[in-house]
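Here is the structure we will look at, set down as structure tokens.
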Amino acid sequence: MALNTPIAEVEKKIRAAFEAFDYQSNNTVDVREIGTIIYSLGRFPSQAELHNFIAEVEEDQTGYIHLDRFLPAMSYVLMEHKFPPISEDVLLQAFEVLDSEKKGYLDPDDLAQYMMEEGETFNQEEMDEMLTALTDHETNLIYSKDLLNHLIMDPEV
């Protein structure tokens, strides 16, 4: 299979998302991270769909999921367009809630504070990784267009 085939690109994105949560570098992640990984790939299953997906890929109720089981199942999800993505309009509306002054950007410290108070619990390392990935390194700001590019996956992939 050529490296530039759609499935190769899909698998590359899945591996990158999975590896971001493979804290012990042993090709496994905690089952509680799977929803976040799937969301980071631009898919948003219902709680029932997420539960069924986890049941499919979790090994013997261990609480961990191995990349070898996750990769083909997630590739299928992406290639077959399972679990609906969130539209760019909805994501932009969410950004605008945080950008109440309509500046088109957020301060990373403000986003971190909001996420620590309102969002899913992140440890400092996770928060730093996310902010580094989203922050424009010249201006030290998070722009809506850059954030949307990180959160929206090409529906054709």
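Chain identifiers are assigned as A, B, and so on, following the order in which chains appear in the structure tokens; residues are numbered from 1 within each chain, and ligands are numbered from 1 in order of appearance.
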> What are the DSSP alpha helix (DSSP H) residues of chain A, as an NGL selection string?
Replying inline: :A and (6-19 or 34-40 or 47-57 or 67-79 or 88-98 or 108-118 or 124-134 or 144-151)
>> Can you tell me which residues surround Asp89 (chain A) at a distance of at most 12 Å, considering only C-alpha atoms, apart from same-chain residues fewer than 4 positions away, and format the answer as a VMD selection string?
In response: chain A and resid 85 93 to 96 144 to 145 148 151 to 152
Contacts between region 106-126 of chain A and region 16-100 of chain A, please, where a residue of region 16-100 of chain A counts if it comes within 9 Å (with only C-alpha atoms); show its shortest atom pair and distance in Å to one decimal, rows by chain and ascending number, as JSON lines.
```
{"residue": "A:Ala20", "atom": "CA", "partner": "A:Glu126", "partner_atom": "CA", "distance": 9.0}
{"residue": "A:Phe21", "atom": "CA", "partner": "A:Glu126", "partner_atom": "CA", "distance": 9.0}
{"residue": "A:Phe95", "atom": "CA", "partner": "A:Leu106", "partner_atom": "CA", "distance": 8.6}
{"residue": "A:Leu98", "atom": "CA", "partner": "A:Leu106", "partner_atom": "CA", "distance": 7.6}
{"residue": "A:Asp99", "atom": "CA", "partner": "A:Leu106", "partner_atom": "CA", "distance": 6.3}
```
Let me see the file: selected residues, N, CA, C and O atoms, as a PDB file, in the first residue's frame.
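And here is the file that came out, selection12.pdb:
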```pdb
ATOM      1  N   ALA A  20      -0.807  10.392  21.671  1.00  0.00           N
ATOM      2  CA  ALA A  20      -0.844  11.541  22.572  1.00  0.00           C
ATOM      3  C   ALA A  20      -1.333  11.141  23.965  1.00  0.00           C
ATOM      4  O   ALA A  20      -1.021  11.812  24.954  1.00  0.00           O
ATOM      5  N   PHE A  21      -2.070  10.028  24.060  1.00  0.00           N
ATOM      6  CA  PHE A  21      -2.599   9.563  25.342  1.00  0.00           C
ATOM      7  C   PHE A  21      -1.943   8.272  25.825  1.00  0.00           C
ATOM      8  O   PHE A  21      -2.347   7.713  26.836  1.00  0.00           O
ATOM      9  N   PHE A  95     -16.527  28.773  20.022  1.00  0.00           N
ATOM     10  CA  PHE A  95     -15.389  29.677  20.153  1.00  0.00           C
ATOM     11  C   PHE A  95     -15.862  31.080  20.503  1.00  0.00           C
ATOM     12  O   PHE A  95     -15.294  31.747  21.368  1.00  0.00           O
ATOM     13  N   LEU A  98     -16.558  31.922  24.074  1.00  0.00           N
ATOM     14  CA  LEU A  98     -15.361  32.247  24.846  1.00  0.00           C
ATOM     15  C   LEU A  98     -14.759  33.594  24.421  1.00  0.00           C
ATOM     16  O   LEU A  98     -14.125  34.272  25.219  1.00  0.00           O
ATOM     17  N   ASP A  99     -14.955  33.953  23.155  1.00  0.00           N
ATOM     18  CA  ASP A  99     -14.440  35.206  22.606  1.00  0.00           C
ATOM     19  C   ASP A  99     -15.560  36.243  22.637  1.00  0.00           C
ATOM     20  O   ASP A  99     -16.033  36.712  21.608  1.00  0.00           O
TER      21      ASP A  99
END
```
>> List as an MDAnalysis selection string the protein and nucleic acid residues near region 58-71 of chain A, meaning an atom at most 12 Å away when only C-alpha atoms are counted, but skip any in the same chain fewer than 2 places from it.
In response: chainID A and resid 7:8 10:22 24:35 37:38 50:56 73:79
Could you take the residues named above and write them with N, CA and C atoms, as a compact mmCIF listing (two decimals), in the first residue's frame?
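Contents of again_35.txt, freshly written:
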```txt
# COMPACT_ATOMS: atom_id res chain seq x y z
N ILE A 7 -6.24 5.48 3.34
CA ILE A 7 -6.20 4.70 4.58
C ILE A 7 -4.90 4.96 5.32
N ALA A 8 -3.79 5.15 4.61
CA ALA A 8 -2.52 5.45 5.27
C ALA A 8 -2.59 6.79 5.99
N VAL A 10 -5.37 8.23 7.11
CA VAL A 10 -6.29 8.03 8.23
C VAL A 10 -5.55 7.36 9.38
N GLU A 11 -4.81 6.30 9.09
CA GLU A 11 -4.09 5.58 10.13
C GLU A 11 -3.04 6.46 10.79
N LYS A 12 -2.40 7.33 10.02
CA LYS A 12 -1.41 8.24 10.58
C LYS A 12 -2.06 9.18 11.59
N LYS A 13 -3.24 9.72 11.26
CA LYS A 13 -3.95 10.61 12.18
C LYS A 13 -4.41 9.87 13.42
N ILE A 14 -4.87 8.64 13.23
CA ILE A 14 -5.33 7.85 14.38
C ILE A 14 -4.17 7.55 15.31
N ARG A 15 -3.05 7.12 14.74
CA ARG A 15 -1.86 6.82 15.56
C ARG A 15 -1.42 8.05 16.36
N ALA A 16 -1.39 9.21 15.71
CA ALA A 16 -0.96 10.44 16.38
C ALA A 16 -1.89 10.77 17.55
N ALA A 17 -3.19 10.64 17.32
CA ALA A 17 -4.16 10.92 18.39
C ALA A 17 -4.01 9.91 19.53
N PHE A 18 -3.86 8.66 19.20
CA PHE A 18 -3.72 7.60 20.20
C PHE A 18 -2.44 7.80 21.00
N GLU A 19 -1.34 8.06 20.32
CA GLU A 19 -0.05 8.18 20.98
C GLU A 19 0.00 9.37 21.93
N ALA A 20 -0.81 10.39 21.67
CA ALA A 20 -0.84 11.54 22.57
C ALA A 20 -1.33 11.14 23.96
N PHE A 21 -2.07 10.03 24.06
CA PHE A 21 -2.60 9.56 25.34
C PHE A 21 -1.94 8.27 25.82
N ASP A 22 -0.94 7.81 25.10
CA ASP A 22 -0.19 6.61 25.48
C ASP A 22 0.98 7.04 26.37
N GLN A 24 2.59 5.75 28.77
CA GLN A 24 3.66 4.81 29.11
C GLN A 24 4.37 4.29 27.86
N SER A 25 4.00 4.79 26.70
CA SER A 25 4.61 4.39 25.42
C SER A 25 4.62 2.87 25.25
N ASN A 26 3.48 2.25 25.57
CA ASN A 26 3.38 0.79 25.43
C ASN A 26 2.21 0.39 24.52
N ASN A 27 1.79 1.33 23.66
CA ASN A 27 0.70 1.08 22.70
C ASN A 27 -0.63 0.78 23.36
N THR A 28 -0.82 1.30 24.57
CA THR A 28 -2.12 1.17 25.23
C THR A 28 -2.52 2.52 25.81
N VAL A 29 -3.83 2.71 25.91
CA VAL A 29 -4.37 3.89 26.58
C VAL A 29 -5.46 3.44 27.54
N ASP A 30 -5.67 4.26 28.54
CA ASP A 30 -6.74 4.02 29.49
C ASP A 30 -8.07 4.15 28.75
N VAL A 31 -8.99 3.28 29.02
CA VAL A 31 -10.29 3.26 28.35
C VAL A 31 -11.01 4.61 28.50
N ARG A 32 -10.74 5.32 29.59
CA ARG A 32 -11.38 6.62 29.83
C ARG A 32 -10.91 7.70 28.85
N GLU A 33 -9.82 7.45 28.14
CA GLU A 33 -9.29 8.42 27.17
C GLU A 33 -9.90 8.26 25.77
N ILE A 34 -10.57 7.16 25.52
CA ILE A 34 -11.04 6.84 24.17
C ILE A 34 -11.99 7.90 23.63
N GLY A 35 -12.90 8.38 24.44
CA GLY A 35 -13.81 9.43 23.97
C GLY A 35 -13.06 10.66 23.50
N ILE A 37 -9.98 10.83 22.47
CA ILE A 37 -9.24 10.51 21.23
C ILE A 37 -10.19 10.57 20.03
N ILE A 38 -11.35 9.98 20.17
CA ILE A 38 -12.33 9.99 19.08
C ILE A 38 -12.76 11.41 18.77
N LEU A 50 -20.39 5.38 21.96
CA LEU A 50 -19.06 5.33 22.56
C LEU A 50 -18.91 4.09 23.43
N HIS A 51 -19.93 3.79 24.22
CA HIS A 51 -19.89 2.59 25.07
C HIS A 51 -19.75 1.33 24.22
N ASN A 52 -20.50 1.23 23.13
CA ASN A 52 -20.41 0.06 22.25
C ASN A 52 -19.04 -0.05 21.59
N PHE A 53 -18.50 1.10 21.18
CA PHE A 53 -17.17 1.11 20.55
C PHE A 53 -16.13 0.61 21.54
N ILE A 54 -16.18 1.11 22.75
CA ILE A 54 -15.23 0.69 23.78
C ILE A 54 -15.36 -0.81 24.06
N ALA A 55 -16.59 -1.29 24.15
CA ALA A 55 -16.81 -2.72 24.39
C ALA A 55 -16.19 -3.56 23.27
N GLU A 56 -16.21 -3.02 22.06
CA GLU A 56 -15.65 -3.73 20.90
C GLU A 56 -14.12 -3.80 20.95
N ALA A 73 -10.53 -0.54 14.15
CA ALA A 73 -11.91 -0.13 14.47
C ALA A 73 -12.10 1.36 14.19
N MET A 74 -11.13 2.18 14.56
CA MET A 74 -11.25 3.63 14.33
C MET A 74 -11.08 3.95 12.85
N SER A 75 -10.25 3.22 12.14
CA SER A 75 -10.11 3.41 10.69
C SER A 75 -11.45 3.18 10.02
N TYR A 76 -12.14 2.12 10.43
CA TYR A 76 -13.46 1.84 9.88
C TYR A 76 -14.42 2.99 10.16
N VAL A 77 -14.41 3.50 11.39
CA VAL A 77 -15.28 4.62 11.76
C VAL A 77 -15.05 5.80 10.83
N LEU A 78 -13.79 6.14 10.62
CA LEU A 78 -13.48 7.31 9.79
C LEU A 78 -13.74 7.07 8.31
N MET A 79 -13.36 5.92 7.82
CA MET A 79 -13.53 5.64 6.38
C MET A 79 -15.01 5.48 6.02
```
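Using only C-alpha atoms for every distance, the candidate list A:Glu129, A:Asn149, A:His81, A:Glu9 yields A:His81 as the residue closest to Pro45 (chain A).
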